[in-house]
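File shown: protein.csv. Contents: CSV, C-alpha atoms.
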chain,number,residue,atom,x,y,z
X,30,MET,CA,17.8,-6.3,-7.9
X,31,ARG,CA,14.8,-6.7,-5.7
X,32,PRO,CA,11.5,-5.2,-6.7
X,33,PRO,CA,10.3,-2.3,-4.5
X,34,PRO,CA,8.7,-3.5,-1.2
X,35,PRO,CA,5.0,-3.7,-0.7
X,36,LEU,CA,3.5,-0.5,0.7
X,37,VAL,CA,1.3,-0.8,3.8
X,38,LEU,CA,-1.1,2.1,4.3
X,39,ASP,CA,-2.3,2.7,7.9
X,40,SER,CA,-5.5,4.4,9.0
X,41,SER,CA,-3.9,7.8,9.0
X,42,VAL,CA,-3.1,7.6,5.3
X,43,LEU,CA,-6.6,6.1,4.5
X,44,ILE,CA,-8.3,8.9,6.4
X,45,ALA,CA,-6.1,11.5,4.6
X,46,TYR,CA,-7.0,9.8,1.3
X,47,GLU,CA,-10.6,10.8,2.0
X,48,ILE,CA,-10.3,14.2,3.5
X,49,ASP,CA,-6.9,15.8,2.7
X,50,THR,CA,-7.7,18.7,0.4
X,51,THR,CA,-4.1,18.7,-0.9
X,52,ARG,CA,-4.9,15.4,-2.7
X,53,HIS,CA,-1.4,14.2,-1.7
X,54,GLY,CA,-2.8,10.9,-0.5
X,55,GLN,CA,-4.5,10.2,-3.9
X,56,GLY,CA,-1.3,11.3,-5.6
X,57,VAL,CA,0.8,8.8,-3.8
X,58,VAL,CA,-1.6,5.9,-4.4
X,59,ALA,CA,-1.9,6.9,-8.1
X,60,GLU,CA,1.8,7.2,-8.6
X,61,ALA,CA,2.6,4.0,-6.7
X,62,LEU,CA,0.0,2.2,-8.8
X,63,ALA,CA,1.3,3.6,-12.0
X,64,GLU,CA,4.8,2.4,-11.1
X,65,GLY,CA,3.4,-1.1,-10.6
X,66,ARG,CA,3.9,-1.2,-6.8
X,67,VAL,CA,1.8,-3.4,-4.6
X,68,ILE,CA,-0.4,-1.3,-2.3
X,69,THR,CA,-2.0,-2.9,0.8
X,70,ALA,CA,-3.9,-2.0,3.9
X,71,PRO,CA,-4.7,-4.1,6.9
X,72,ALA,CA,-8.4,-4.7,7.5
X,73,ILE,CA,-8.2,-3.1,10.9
X,74,SER,CA,-6.7,0.0,9.4
X,75,LEU,CA,-9.8,0.2,7.2
X,76,LEU,CA,-12.0,-0.4,10.2
X,77,VAL,CA,-10.3,2.5,12.1
X,78,ALA,CA,-10.5,4.8,9.0
X,79,PHE,CA,-14.2,4.1,8.4
X,80,GLY,CA,-15.0,4.4,12.1
X,81,ARG,CA,-13.4,7.8,12.3
X,82,LEU,CA,-14.7,9.1,9.0
X,83,GLY,CA,-18.3,8.2,9.5
X,84,SER,CA,-20.8,7.4,6.7
X,85,LYS,CA,-19.5,9.7,4.0
X,86,THR,CA,-16.5,8.1,2.5
X,87,PRO,CA,-16.9,8.1,-1.3
X,88,GLU,CA,-13.2,8.1,-2.2
X,89,LEU,CA,-12.0,5.6,0.4
X,90,SER,CA,-15.0,3.3,-0.3
X,91,TRP,CA,-14.2,3.5,-4.0
X,92,LEU,CA,-10.6,2.6,-3.4
X,93,ALA,CA,-11.3,-0.2,-1.0
X,94,TYR,CA,-14.2,-1.8,-2.8
X,95,ASP,CA,-13.1,-1.2,-6.4
X,96,PRO,CA,-13.2,-4.5,-8.2
X,97,GLU,CA,-10.1,-3.6,-10.1
X,98,GLY,CA,-8.3,-4.1,-6.8
X,99,ALA,CA,-5.9,-1.1,-6.4
X,100,LEU,CA,-5.8,-1.7,-2.7
X,101,ASN,CA,-5.0,-5.2,-1.4
X,102,VAL,CA,-6.8,-5.6,1.9
X,103,LEU,CA,-4.9,-7.8,4.4
X,104,ALA,CA,-7.4,-9.8,6.4
X,105,LEU,CA,-7.1,-10.7,10.1
X,106,ASN,CA,-7.4,-14.5,10.0
X,107,LEU,CA,-5.9,-17.7,11.3
X,108,ALA,CA,-2.6,-16.8,9.6
X,109,ASN,CA,-2.0,-13.8,11.8
X,110,VAL,CA,-4.6,-13.5,14.5
X,111,SER,CA,-2.6,-15.0,17.4
X,112,GLU,CA,0.6,-13.0,16.6
X,113,VAL,CA,-1.4,-9.7,16.3
X,114,GLY,CA,-3.3,-10.3,19.5
X,115,ILE,CA,-0.2,-11.1,21.5
X,116,ALA,CA,1.8,-8.2,20.0
X,117,ALA,CA,-0.8,-5.5,20.6
X,118,ASP,CA,0.0,-3.2,23.4
X,119,SER,CA,-3.6,-3.5,24.4
X,120,VAL,CA,-6.5,-5.3,22.8
X,121,ASP,CA,-8.9,-2.9,24.5
X,122,LYS,CA,-7.9,-0.2,22.1
X,123,VAL,CA,-8.4,-0.8,18.4
X,124,ARG,CA,-5.6,1.6,17.4
X,125,ASP,CA,-3.2,-0.6,19.3
X,126,VAL,CA,-4.5,-3.7,17.5
X,127,GLU,CA,-4.1,-1.8,14.2
X,128,THR,CA,-0.5,-1.0,14.9
X,129,ALA,CA,0.1,-4.6,15.8
X,130,GLN,CA,-1.3,-5.8,12.5
X,131,VAL,CA,0.5,-3.2,10.5
X,132,VAL,CA,3.8,-4.3,12.1
X,133,PHE,CA,3.0,-8.0,11.6
X,134,GLU,CA,2.2,-7.5,7.9
X,135,VAL,CA,5.2,-5.3,7.2
X,136,THR,CA,7.5,-7.7,9.0
X,137,ALA,CA,6.0,-10.8,7.3
X,138,VAL,CA,6.6,-9.6,3.7
X,139,GLY,CA,9.5,-7.1,4.0
X,140,GLY,CA,7.3,-4.1,3.3
X,141,LEU,CA,7.1,-0.7,4.8
X,142,VAL,CA,4.5,1.5,6.4
X,143,LEU,CA,3.3,4.7,4.9
X,144,THR,CA,1.9,6.9,7.7
X,145,TYR,CA,1.2,10.4,9.0
X,146,GLU,CA,1.7,9.1,12.5
X,147,PRO,CA,5.3,7.7,12.5
X,148,GLY,CA,5.4,7.8,16.3
X,149,GLU,CA,3.0,4.8,16.4
X,150,TYR,CA,5.8,2.6,15.1
X,151,ALA,CA,8.7,4.0,17.1
X,152,GLY,CA,10.8,1.1,18.4
X,153,LYS,CA,8.8,-1.5,16.5
X,154,GLY,CA,11.6,-2.4,14.2
X,155,VAL,CA,9.8,-1.8,10.9
X,156,HIS,CA,10.6,0.5,8.0
X,157,VAL,CA,8.4,3.6,8.2
X,158,VAL,CA,7.9,6.5,5.7
X,159,ASP,CA,6.6,9.7,7.2
X,160,MET,CA,4.0,11.1,4.8
X,161,ARG,CA,3.9,14.5,6.4
X,162,PRO,CA,5.1,17.2,3.9
X,163,ARG,CA,8.7,18.3,4.5
P,22,MET,CA,10.5,10.1,-14.3
P,23,THR,CA,8.2,7.3,-13.3
P,24,LYS,CA,9.9,4.0,-12.4
P,25,LEU,CA,8.3,0.9,-13.6
P,26,VAL,CA,8.1,-2.5,-11.9
P,27,SER,CA,8.0,-5.5,-14.3
P,28,GLU,CA,4.8,-7.5,-14.5
P,29,THR,CA,6.6,-10.6,-13.1
P,30,ASP,CA,7.9,-8.7,-10.1
P,31,TYR,CA,4.5,-7.2,-9.5
P,32,LEU,CA,2.9,-10.7,-9.5
P,33,LEU,CA,5.5,-12.2,-7.3
P,34,THR,CA,5.3,-9.4,-4.8
P,35,LEU,CA,1.5,-9.7,-4.7
P,36,TRP,CA,1.8,-13.4,-4.3
P,37,ARG,CA,4.2,-13.0,-1.4
P,38,VAL,CA,1.8,-10.5,0.3
P,39,ARG,CA,-1.1,-12.9,-0.1
P,40,THR,CA,0.8,-15.8,1.3
P,41,HIS,CA,2.8,-13.9,3.9
P,42,LEU,CA,6.1,-15.2,2.4
P,43,PRO,CA,9.2,-13.3,3.3
P,44,VAL,CA,11.3,-12.2,0.3
P,45,ASP,CA,14.2,-14.3,1.5
P,46,GLU,CA,12.1,-17.4,1.4
P,47,MET,CA,11.0,-17.1,-2.2
P,48,PRO,CA,11.8,-20.3,-4.2
P,49,ALA,CA,15.1,-19.7,-6.1
P,50,GLN,CA,13.4,-20.9,-9.3
P,51,GLY,CA,10.5,-18.5,-8.8
P,52,ILE,CA,6.9,-19.4,-9.3
P,53,ARG,CA,5.5,-20.7,-12.6
P,54,PRO,CA,3.4,-18.2,-14.5
P,55,ASP,CA,0.5,-20.6,-14.7
P,56,VAL,CA,0.5,-21.0,-10.9
P,57,LEU,CA,0.6,-17.2,-10.4
P,58,ASP,CA,-2.4,-16.8,-12.8
P,59,GLN,CA,-4.3,-19.5,-11.0
P,60,GLN,CA,-3.6,-18.1,-7.5
P,61,LEU,CA,-4.0,-14.4,-8.5
P,62,PRO,CA,-6.9,-14.4,-10.9
P,63,GLY,CA,-7.2,-11.1,-12.8
P,64,ALA,CA,-4.0,-9.7,-11.4
P,65,ARG,CA,-2.1,-9.7,-14.7
P,66,GLU,CA,-4.9,-7.8,-16.4
P,67,ARG,CA,-5.1,-5.3,-13.5
P,68,PHE,CA,-1.3,-4.7,-13.8
P,69,ARG,CA,-1.7,-4.0,-17.5
P,70,ARG,CA,-4.5,-1.5,-16.8
P,71,ARG,CA,-2.8,0.2,-13.8
P,72,GLY,CA,-2.2,3.4,-15.7
P,73,GLU,CA,-5.9,3.8,-16.4
P,74,LEU,CA,-6.7,3.2,-12.7
P,75,ALA,CA,-4.1,5.7,-11.6
P,76,ALA,CA,-5.6,8.3,-13.9
P,77,GLU,CA,-9.1,7.5,-12.6
P,78,ILE,CA,-7.9,8.1,-9.0
P,79,LEU,CA,-6.7,11.6,-10.0
P,80,ARG,CA,-9.7,12.3,-12.0
P,81,ARG,CA,-12.0,11.4,-9.1
P,82,ALA,CA,-9.9,13.8,-6.9
P,83,GLY,CA,-10.5,16.6,-9.5
P,84,VAL,CA,-6.8,16.8,-10.4
P,85,ASP,CA,-5.7,17.5,-13.9
P,86,PRO,CA,-2.3,15.8,-14.1
P,87,ASP,CA,-1.0,18.4,-16.5
P,88,SER,CA,-1.9,21.4,-14.3
P,89,ASP,CA,0.4,23.1,-11.8
P,90,GLU,CA,-1.5,21.4,-9.0
P,91,GLY,CA,-1.2,18.0,-10.7
P,92,ARG,CA,2.6,18.4,-11.2
P,93,GLU,CA,3.0,19.5,-7.5
P,94,ILE,CA,1.1,16.4,-6.4
P,95,ARG,CA,3.1,14.1,-8.6
P,96,GLU,CA,6.3,15.6,-7.3
P,97,TYR,CA,5.3,15.1,-3.8
P,98,ALA,CA,4.2,11.5,-4.5
P,99,ARG,CA,7.5,10.7,-6.2
P,100,GLY,CA,9.4,12.2,-3.2
P,101,VAL,CA,7.4,9.9,-0.9
P,102,LEU,CA,8.1,6.8,-3.0
P,103,GLN,CA,11.8,7.7,-3.3
P,104,ARG,CA,12.0,8.0,0.5
P,105,ALA,CA,10.3,4.6,0.6
P,106,ASP,CA,13.0,3.0,-1.5
P,107,GLU,CA,15.7,4.7,0.5
P,108,GLU,CA,14.1,3.5,3.8
P,109,ALA,CA,13.7,0.0,2.4
P,110,ALA,CA,17.4,-0.1,1.6
P,111,ARG,CA,18.3,0.9,5.2
P,112,ASP,CA,19.3,-1.8,7.6
P,113,ILE,CA,17.2,-1.6,10.7
P,114,ALA,CA,18.1,-5.0,12.2
Now that the file is in, can you turn its structure into structure tokens?
Amino acid sequence: MRPPPPLVLDSSVLIAYEIDTTRHGQGVVAEALAEGRVITAPAISLLVAFGRLGSKTPELSWLAYDPEGALNVLALNLANVSEVGIAADSVDKVRDVETAQVVFEVTAVGGLVLTYEPGEYAGKGVHVVDMRPR
Amino acid sequence: MTKLVSETDYLLTLWRVRTHLPVDEMPAQGIRPDVLDQQLPGARERFRRRGELAAEILRRAGVDPDSDEGREIREYARGVLQRADEEAARDIA
């Protein structure tokens, strides 16, 4: 039996982790961590989240910079930069580049996206979990 | 009920993520433990302390895991992770 797939958090989840008063974002990360799942986020998703949240990000900063490493940040580097650039719908919009990196990372490692914006990944051929409450 | 991933599976998955290696391309014989420790310094210890870290996340959020709110949050979280496992098992090719 295969282990559970790596979870890739996009900017919508990272933003909710900081500001969602229901604490559902923290709950999912804590539960996934307790189960021993690998939790990741593309560097561009962090960029988008920090950009949208502004300077007050105590919880997201703690998660991202924590030396214990709950969150594995996936860099944009020579291993993926050409594929992400080519796959992006537009490199003029950072959200499009983020989506391209999320799709690249999920595809590369057989993971799945956790998101509050599932429409971003429609037709991209990746596994998506809609985090919105049912 | 919290499902648990084995330490070996955690390390192998983390190694795959860091190396961008698809699950189908994992060496059949796996990766030697000493190689994993060399390439993922501290990961084994972090795995063993994951419960403490999970509790710290909830504590920072001001959530008492044993409260009604804490139980509701965990129920939601387990539902999301169950959907994740169901989604991962679905063929989208």
Just the residues within 7 Å of stretch 92-106 of chain P, please, counting all atoms listed in the file, with nothing from its chain fewer than 6 positions along; format it as a CSV table (one decimal) with C-alpha atoms, in the frame of the given file.
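Result saved to around28.csv:
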chain,number,residue,atom,x,y,z
X,33,PRO,CA,10.3,-2.3,-4.5
X,53,HIS,CA,-1.4,14.2,-1.7
X,56,GLY,CA,-1.3,11.3,-5.6
X,57,VAL,CA,0.8,8.8,-3.8
X,60,GLU,CA,1.8,7.2,-8.6
X,158,VAL,CA,7.9,6.5,5.7
X,160,MET,CA,4.0,11.1,4.8
P,86,PRO,CA,-2.3,15.8,-14.1
Long-range neighbours of stretch 38-45 of chain P as a ChimeraX atom specification, 7 Å cut-off, all atoms listed in the file, 4 positions minimum in chain: /X:137-139 /P:34
Output C-alpha atoms for every residue in that selection, as a short mmCIF file (atom, residue, chain, number, x, y, z; two decimals), in the frame of the given file.
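Okay, again_12.cif is ready:
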data_model
loop_
_atom_site.label_atom_id
_atom_site.label_comp_id
_atom_site.auth_asym_id
_atom_site.auth_seq_id
_atom_site.Cartn_x
_atom_site.Cartn_y
_atom_site.Cartn_z
CA ALA X 137 6.00 -10.80 7.30
CA VAL X 138 6.60 -9.60 3.70
CA GLY X 139 9.50 -7.10 4.00
CA THR P 34 5.30 -9.40 -4.80
#
Rank nothing, just name the residue among X:Val132, X:Val77, X:Ala72, X:Ala104 nearest to X:Ala117, using all atoms listed in the file. X:Val132
Using only C-alpha atoms, which protein or nucleic acid residues come within 8 Å of X:Phe133? Drop anything in the same chain fewer than 3 positions from it, and give the result as a PDB file with C-alpha atoms, keeping the file's coordinate frame.
ATOM      1  CA  ASN X 109      -2.000 -13.800  11.800  1.00  0.00           C
ATOM      2  CA  GLU X 112       0.600 -13.000  16.600  1.00  0.00           C
ATOM      3  CA  VAL X 113      -1.400  -9.700  16.300  1.00  0.00           C
ATOM      4  CA  ALA X 129       0.100  -4.600  15.800  1.00  0.00           C
ATOM      5  CA  GLN X 130      -1.300  -5.800  12.500  1.00  0.00           C
ATOM      6  CA  THR X 136       7.500  -7.700   9.000  1.00  0.00           C
ATOM      7  CA  ALA X 137       6.000 -10.800   7.300  1.00  0.00           C
TER       8      ALA X 137
END
Report the distance between atom CA of P:Val84 and atom CA of X:Thr51 in Å, rounded to one decimal place.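 Spanning atom CA of P:Val84 to atom CA of X:Thr51 is a straight-line distance of 10.1 Å.
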As an exercise, work out the distance from atom CA of P:Glu107 to atom CA of X:Glu134 in Å and give it to one decimal place.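 Computing the Euclidean distance for atom CA of P:Glu107 and atom CA of X:Glu134 yields 19.6 Å.
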Which polymer residues, protein or nucleic acid, are no farther than 12 Å from (2.7, -17.8, -16.0), counting all atoms listed in the file, as a list in words?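 Answer for this query, in the requested form: Glu28, Thr29, Leu32, Leu33, Gly51, Ile52, Arg53, Pro54, Asp55, Val56, Leu57, Asp58, Gln59, Gln60, Leu61, Pro62, Ala64 and Arg65 of chain P.
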Hey, list the chain X side of the contact with chain P: 9 Å cut-off, only C-alpha atoms, answer as a PyMOL selection string. chain X and resi 31-36+51-69+88+92+97-99+101+103+108+134+136-143+154-160+162
Separation of atom CA of X:Lys153 and atom CA of X:Val120, in Å? 17.0 Å
Counting all atoms listed in the file, find the residues whose atoms lie at most 10 Å from (-15.2, 6.0, 4.3) (file coordinates) and write them out as a ChimeraX atom specification. /X:43-44,46-48,75-93
